[in-house]
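*Asks:* One file is attached below, start-v7.txt, containing compact mmCIF, C-alpha atoms.
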# COMPACT_ATOMS: atom_id res chain seq x y z
CA MET J 1 -48.43 12.42 15.44
CA LYS J 2 -46.25 9.56 16.63
CA GLU J 3 -46.32 8.04 13.14
CA ASP J 4 -45.17 11.35 11.62
CA PHE J 5 -42.31 11.58 14.11
CA LEU J 6 -41.18 8.02 13.38
CA PHE J 7 -41.46 8.66 9.66
CA SER J 8 -39.29 11.80 9.92
CA LEU J 9 -36.69 9.85 11.90
CA GLU J 10 -36.63 7.14 9.25
CA VAL J 11 -36.24 9.73 6.49
CA GLU J 12 -33.41 11.39 8.42
CA ARG J 13 -31.66 8.05 8.88
CA GLU J 14 -31.94 7.29 5.17
CA LEU J 15 -30.60 10.71 4.28
CA MET J 16 -27.65 10.25 6.64
CA LYS J 17 -26.99 6.81 5.18
CA SER J 18 -27.08 8.20 1.65
CA LYS J 19 -24.73 11.02 2.65
CA ARG J 20 -22.24 8.56 4.15
CA ILE J 21 -22.32 6.47 0.97
CA ILE J 22 -21.82 9.54 -1.22
CA ASN J 23 -18.94 10.74 0.97
CA LEU J 24 -17.37 7.29 0.82
CA ILE J 25 -17.55 7.24 -2.98
CA VAL J 26 -16.14 10.78 -3.24
CA HIS J 27 -13.27 10.06 -0.84
CA VAL J 28 -12.33 6.82 -2.60
CA ALA J 29 -12.59 8.45 -6.04
CA ILE J 30 -10.42 11.47 -5.14
CA PHE J 31 -7.70 9.69 -3.19
CA GLY J 32 -7.84 6.66 -5.47
CA ALA J 33 -7.25 8.92 -8.48
CA LEU J 34 -4.28 10.52 -6.70
CA ALA J 35 -2.81 7.09 -5.93
CA ILE J 36 -3.23 5.99 -9.56
CA ILE J 37 -1.67 9.21 -10.88
CA LEU J 38 1.32 8.85 -8.56
CA TYR J 39 1.68 5.24 -9.72
CA CYS J 40 1.52 6.20 -13.40
CA VAL J 41 3.99 9.10 -13.41
CA PRO J 42 7.33 7.48 -14.33
CA TYR J 43 9.39 10.35 -12.92
CA LEU J 44 7.96 9.61 -9.47
CA GLN J 45 9.34 6.08 -9.48
CA PHE J 46 13.04 5.38 -9.10
CA SER J 47 15.42 2.63 -8.13
CA LEU J 48 18.10 2.73 -5.47
CA PRO J 49 21.75 2.30 -6.47
CA PHE J 50 22.25 -0.75 -4.25
CA CYS J 51 19.15 -2.64 -5.46
CA PRO J 52 18.01 -4.30 -8.70
CA SER J 53 16.00 -2.03 -10.98
CA PHE J 54 12.72 -3.88 -10.43
CA LEU J 55 12.70 -2.67 -6.80
CA LYS J 56 11.33 0.85 -7.25
CA ILE J 57 10.49 3.60 -4.78
CA HIS J 58 6.95 4.83 -5.50
CA PHE J 59 4.59 7.23 -3.78
CA ASP J 60 1.11 5.87 -4.51
CA GLU J 61 0.75 4.72 -0.88
CA ILE J 62 0.78 8.33 0.37
CA PRO J 63 -2.83 9.20 -0.63
CA ILE J 64 -4.02 5.84 0.71
CA LEU J 65 -2.40 6.43 4.09
CA LEU J 66 -3.79 9.99 4.21
CA ALA J 67 -7.30 8.80 3.34
CA GLY J 68 -7.10 6.08 5.99
CA TYR J 69 -6.01 8.55 8.65
CA ALA J 70 -8.58 11.15 7.65
CA PHE J 71 -11.63 8.96 7.01
CA GLY J 72 -10.97 5.45 8.31
CA PRO J 73 -9.89 1.92 7.33
CA LEU J 74 -12.75 1.29 4.89
CA GLU J 75 -11.61 4.07 2.57
CA ALA J 76 -8.04 2.79 2.72
CA ILE J 77 -9.11 -0.77 1.86
CA LEU J 78 -11.27 0.36 -1.07
CA ILE J 79 -8.50 2.56 -2.48
CA ILE J 80 -6.00 -0.31 -2.27
CA ILE J 81 -8.47 -2.45 -4.22
CA LEU J 82 -9.16 0.33 -6.76
CA LYS J 83 -5.45 0.90 -7.36
CA ALA J 84 -4.87 -2.85 -7.69
CA LEU J 85 -7.63 -3.18 -10.31
CA PHE J 86 -6.11 -0.38 -12.34
CA LYS J 87 -2.61 -1.77 -11.97
CA LEU J 88 -3.83 -5.22 -12.99
CA ILE J 89 -4.52 -3.94 -16.51
CA GLN J 90 -0.81 -3.20 -16.96
CA ASP J 91 0.52 -5.97 -14.79
CA ILE J 92 -1.10 -9.04 -16.37
CA PRO J 93 0.88 -8.81 -19.63
CA GLU J 94 4.09 -8.05 -17.71
CA THR J 95 4.02 -10.31 -14.64
CA GLY J 96 0.76 -12.26 -14.86
CA GLY J 97 -0.68 -10.36 -11.89
CA ILE J 98 2.13 -11.30 -9.50
CA GLY J 99 3.11 -7.65 -9.11
CA VAL J 100 -0.45 -6.73 -8.13
CA LEU J 101 -0.55 -9.53 -5.57
CA ALA J 102 2.68 -8.25 -4.05
CA ASP J 103 1.41 -4.67 -4.06
CA ILE J 104 -1.83 -5.61 -2.28
CA ILE J 105 0.00 -7.60 0.39
CA TYR J 106 2.71 -5.00 1.01
CA SER J 107 0.40 -1.96 0.99
CA SER J 108 -2.15 -3.65 3.24
CA CYS J 109 0.47 -4.71 5.79
CA PHE J 110 1.85 -1.17 5.93
CA ILE J 111 -1.29 0.97 5.80
CA LEU J 112 -4.03 -1.04 7.54
CA PRO J 113 -2.28 -1.62 10.92
CA ALA J 114 -1.38 2.08 11.03
CA VAL J 115 -4.90 3.19 10.13
CA PHE J 116 -6.67 0.86 12.59
CA ILE J 117 -4.39 1.92 15.45
CA TYR J 118 -4.77 5.62 14.64
CA LYS J 119 -8.54 5.23 14.54
CA LYS J 120 -8.43 4.25 18.23
CA HIS J 121 -5.74 6.76 19.24
CA ARG J 122 -6.18 10.00 17.28
CA THR J 123 -3.30 11.87 18.90
CA LEU J 124 0.23 12.77 17.82
CA LYS J 125 1.58 9.90 19.91
CA GLY J 126 -1.02 7.58 18.37
CA ALA J 127 -0.01 8.70 14.89
CA ILE J 128 3.69 8.08 15.56
CA VAL J 129 3.09 4.68 17.17
CA SER J 130 0.68 3.64 14.42
CA ILE J 131 3.07 4.51 11.61
CA LEU J 132 5.99 2.76 13.32
CA ILE J 133 3.92 -0.41 13.76
CA GLY J 134 2.78 -0.16 10.15
CA ILE J 135 6.38 0.12 8.97
CA ALA J 136 7.49 -2.80 11.16
CA SER J 137 4.63 -4.94 9.89
CA GLN J 138 5.42 -4.14 6.27
CA LEU J 139 9.15 -4.77 6.72
CA LEU J 140 8.55 -8.20 8.22
CA VAL J 141 5.94 -9.27 5.68
CA SER J 142 7.75 -7.89 2.63
CA CYS J 143 10.94 -9.75 3.55
CA VAL J 144 9.31 -13.09 4.28
CA VAL J 145 6.58 -13.00 1.62
CA GLY J 146 8.91 -11.50 -0.97
CA LEU J 147 11.58 -14.16 -0.54
CA TYR J 148 9.35 -17.20 -0.06
CA LEU J 149 6.27 -16.39 -2.18
CA ILE J 150 6.64 -13.52 -4.64
CA TYR J 151 10.12 -14.31 -5.94
CA PRO J 152 9.36 -18.01 -6.43
CA LEU J 153 6.23 -17.02 -8.38
CA TYR J 154 8.30 -14.65 -10.51
CA GLY J 155 10.84 -17.37 -11.17
CA LEU J 156 8.23 -19.90 -12.24
CA TYR J 157 6.38 -17.31 -14.36
CA PHE J 158 9.39 -15.88 -16.22
CA TYR J 159 11.23 -19.18 -16.56
CA PRO J 160 8.54 -21.84 -17.07
CA GLN J 161 11.03 -24.11 -18.83
CA ALA J 162 12.95 -24.54 -15.57
CA LYS J 163 13.50 -28.17 -14.79
CA ASN J 164 12.94 -27.64 -11.08
CA TYR J 165 12.20 -25.01 -8.46
CA MET J 166 15.86 -24.23 -7.67
CA GLU J 167 16.64 -23.60 -11.32
CA ALA J 168 13.85 -21.04 -11.48
CA MET J 169 15.21 -19.38 -8.34
CA ASP J 170 18.64 -19.16 -9.97
CA VAL J 171 17.10 -16.90 -12.62
CA VAL J 172 15.65 -14.51 -10.03
CA GLY J 173 18.81 -14.70 -7.94
CA SER J 174 20.89 -13.61 -10.93
CA LEU J 175 19.20 -10.19 -10.70
CA PHE J 176 20.92 -9.66 -7.34
CA THR J 177 24.30 -11.07 -8.41
CA PRO J 178 25.62 -7.77 -9.88
CA PHE J 179 25.21 -6.20 -6.43
CA ASP J 180 26.58 -9.17 -4.48
CA LYS J 181 28.44 -11.80 -6.46
CA THR J 182 28.02 -14.37 -3.68
CA ILE J 183 24.23 -14.38 -4.17
CA THR J 184 23.25 -16.64 -7.05
CA ASN J 185 19.87 -17.97 -5.94
CA ALA J 186 16.66 -16.18 -4.84
CA THR J 187 16.33 -18.47 -1.83
CA ASP J 188 19.43 -16.90 -0.27
CA PRO J 189 18.24 -15.30 3.02
CA ARG J 190 20.83 -12.53 2.66
CA ILE J 191 18.50 -10.97 0.10
CA MET J 192 16.20 -10.09 2.98
CA TYR J 193 18.61 -8.03 5.07
CA LYS J 194 20.91 -6.78 2.29
CA PHE J 195 18.20 -5.66 -0.16
CA LEU J 196 14.58 -6.02 0.91
CA LEU J 197 14.92 -4.64 4.44
CA PRO J 198 16.86 -1.44 3.60
CA PHE J 199 14.83 -0.83 0.44
CA ASN J 200 11.48 -1.04 2.20
CA LEU J 201 12.74 0.91 5.19
CA ILE J 202 13.72 3.81 2.91
CA LYS J 203 10.46 3.61 0.93
CA ASP J 204 8.23 3.45 4.00
CA GLY J 205 10.20 6.22 5.68
CA ILE J 206 9.65 8.54 2.72
CA VAL J 207 5.93 7.70 2.54
CA ALA J 208 5.48 8.20 6.29
CA ALA J 209 7.38 11.52 6.30
CA VAL J 210 5.38 12.99 3.40
CA ALA J 211 2.09 11.76 4.89
CA PHE J 212 2.90 13.39 8.24
CA VAL J 213 3.70 16.71 6.55
CA CYS J 214 0.50 16.63 4.47
CA TYR J 215 -1.93 15.26 7.04
CA LYS J 216 -2.33 18.27 9.33
CA PRO J 217 -3.29 20.72 6.52
CA LEU J 218 -5.58 18.05 5.07
CA ARG J 219 -7.29 17.48 8.43
CA ILE J 220 -7.83 21.23 8.91
CA LEU J 221 -9.35 21.48 5.42
CA ILE J 222 -11.66 18.51 6.04
CA GLU J 223 -12.81 19.83 9.41
CA ARG J 224 -13.47 23.27 7.92
CA ASN J 225 -15.55 21.79 5.08
CA ASN J 226 -17.56 19.67 7.53
CA LYS J 227 -18.66 22.68 9.57
Take the structure in the file and give it back as structure tokens.
*Replies:*
Amino acid sequence: MKEDFLFSLEVERELMKSKRIINLIVHVAIFGALAIILYCVPYLQFSLPFCPSFLKIHFDEIPILLAGYAFGPLEAILIIILKALFKLIQDIPETGGIGVLADIIYSSCFILPAVFIYKKHRTLKGAIVSILIGIASQLLVSCVVGLYLIYPLYGLYFYPQAKNYMEAMDVVGSLFTPFDKTITNATDPRIMYKFLLPFNLIKDGIVAAVAFVCYKPLRILIERNNK
């Protein structure tokens, strides 16, 4: 009798484990597909008039943020990886994978702090605080990493014949010159507060606003399906 009870408990645990794995796969597949579609639709990507054309507003972070809020950090991490793998197919011929590296860093710094905080504080106040911290984290990292890691990599990749590092940075800096003629080199710190900071603030603000509007109906739908 005791053995039968223990066996039934073990079977129930295995079934619950299998259900969690299936749910994880389904969640990642659905929201990952949405993120990839939003990334692929060219009409949903656009530049800002005060920034170079390679800085584009895109909305593929919205499904990732929604999935992280609804299901947890693991889903968000897996979707970021899934989107990066898909993007890598296009990005290697264009930027040698540098664009994917930037995307992983920027998306992770925005979404993961927000998701981890919201997991501990699932209230309206927790949602607002989490998204503000996520935005602040992404703004800081995108400015510093963009200026001192990503742009140097771009310069060295697109201008391998450069005689030195500063010459490569002149090439990247020339992309900003039409918007500010005093900027001629990508090491100029003014790029951070004149371009990267306002660009990412606008992008993150749009993503956060859309996610907030969509999250409540999504949560109601999920809770109804789980009953």
*Asks:* Rank J:Lys19, J:Lys83, J:Lys120, J:Lys163 by their smallest atom-to-atom distance to J:Leu38, using all atoms listed in the file, and report the top residue only.
*Replies:* J:Lys83
*Asks:* Grab the atom CA of J:Leu34 to atom CA of J:Leu218 distance for me, in Å with one decimal place.
*Replies:*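 That distance, rounded to one decimal, is 14.0 Å.
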*Asks:* Can you tell me which residues surround J:Lys87 at a distance of at most 10 Å, considering all atoms listed in the file, apart from same-chain residues fewer than 6 positions away, and format the answer as a list of chain:residue names?
*Replies:* J:Ile36, J:Tyr39, J:Cys40, J:Ile81, J:Gly97, J:Gly99, J:Val100, J:Asp103
*Asks:* Can those selected residues be exported to a file as a tab-separated table (two decimals), keeping the file's coordinate frame so that it contains C-alpha atoms?
*Replies:*
chain	number	residue	atom	x	y	z
J	36	ILE	CA	-3.23	5.99	-9.56
J	39	TYR	CA	1.68	5.24	-9.72
J	40	CYS	CA	1.52	6.20	-13.40
J	81	ILE	CA	-8.47	-2.45	-4.22
J	97	GLY	CA	-0.68	-10.36	-11.89
J	99	GLY	CA	3.11	-7.65	-9.11
J	100	VAL	CA	-0.45	-6.73	-8.13
J	103	ASP	CA	1.41	-4.67	-4.06
*Asks:* Could you tell me how far atom CA of J:Pro93 sits from atom CA of J:Tyr159, in Å to one decimal place?
*Replies:*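 Computing the Euclidean distance for atom CA of J:Tyr159 and atom CA of J:Pro93 yields 15.0 Å.
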*Asks:* Between J:Gly134, J:Gly146, J:Pro113, J:Pro63, which has the minimum distance to J:Asp188 (counting only C-alpha atoms)?
*Replies:*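 Distance minimum relative to J:Asp188 lands on J:Gly146.
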*Asks:* Find the residues near J:Leu132: any atom within 9 Å, counting all atoms listed in the file, skip ones fewer than 4 places away on the same chain, and give them as a ChimeraX atom specification.
*Replies:* /J:114,127-128,136-137,208
*Asks:* Compile the contact shell of J:His27 as an MDAnalysis selection string: residues with an atom at most 10 Å away, counting only C-alpha atoms, same-chain residues fewer than 2 positions apart removed.
*Replies:* chainID J and resid 21:25 29:33 67 70:71 75:76 78:79
*Asks:* Considering all atoms listed in the file, return as a list of chain:residue names whatever protein or nucleic-acid residues lie within 12 Å of J:Thr184, sequence-local ones (same chain, fewer than 4 positions apart) excluded.
*Replies:* J:Met166, J:Glu167, J:Ala168, J:Met169, J:Asp170, J:Val171, J:Val172, J:Gly173, J:Ser174, J:Leu175, J:Phe176, J:Thr177, J:Pro178, J:Phe179, J:Asp180, J:Asp188, J:Pro189, J:Arg190, J:Ile191
*Asks:* J:Val41: which residues within 10 Å, counting all atoms listed in the file, same-chain residues fewer than 3 positions away excluded, as a PDB file with C-alpha atoms, keeping the file's coordinate frame?
*Replies:*
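Output file part13.pdb follows:
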ATOM      1  CA  ILE J  36      -3.230   5.990  -9.560  1.00  0.00           C
ATOM      2  CA  ILE J  37      -1.670   9.210 -10.880  1.00  0.00           C
ATOM      3  CA  LEU J  38       1.320   8.850  -8.560  1.00  0.00           C
ATOM      4  CA  LEU J  44       7.960   9.610  -9.470  1.00  0.00           C
ATOM      5  CA  GLN J  45       9.340   6.080  -9.480  1.00  0.00           C
ATOM      6  CA  HIS J  58       6.950   4.830  -5.500  1.00  0.00           C
ATOM      7  CA  PHE J  59       4.590   7.230  -3.780  1.00  0.00           C
ATOM      8  CA  ASP J  60       1.110   5.870  -4.510  1.00  0.00           C
TER       9      ASP J  60
END
*Asks:* Rank J:Ile80, J:Leu85, J:Val144, J:Ile183 by their smallest atom-to-atom distance to J:Leu112, using only C-alpha atoms, and report the top residue only.
*Replies:* J:Ile80
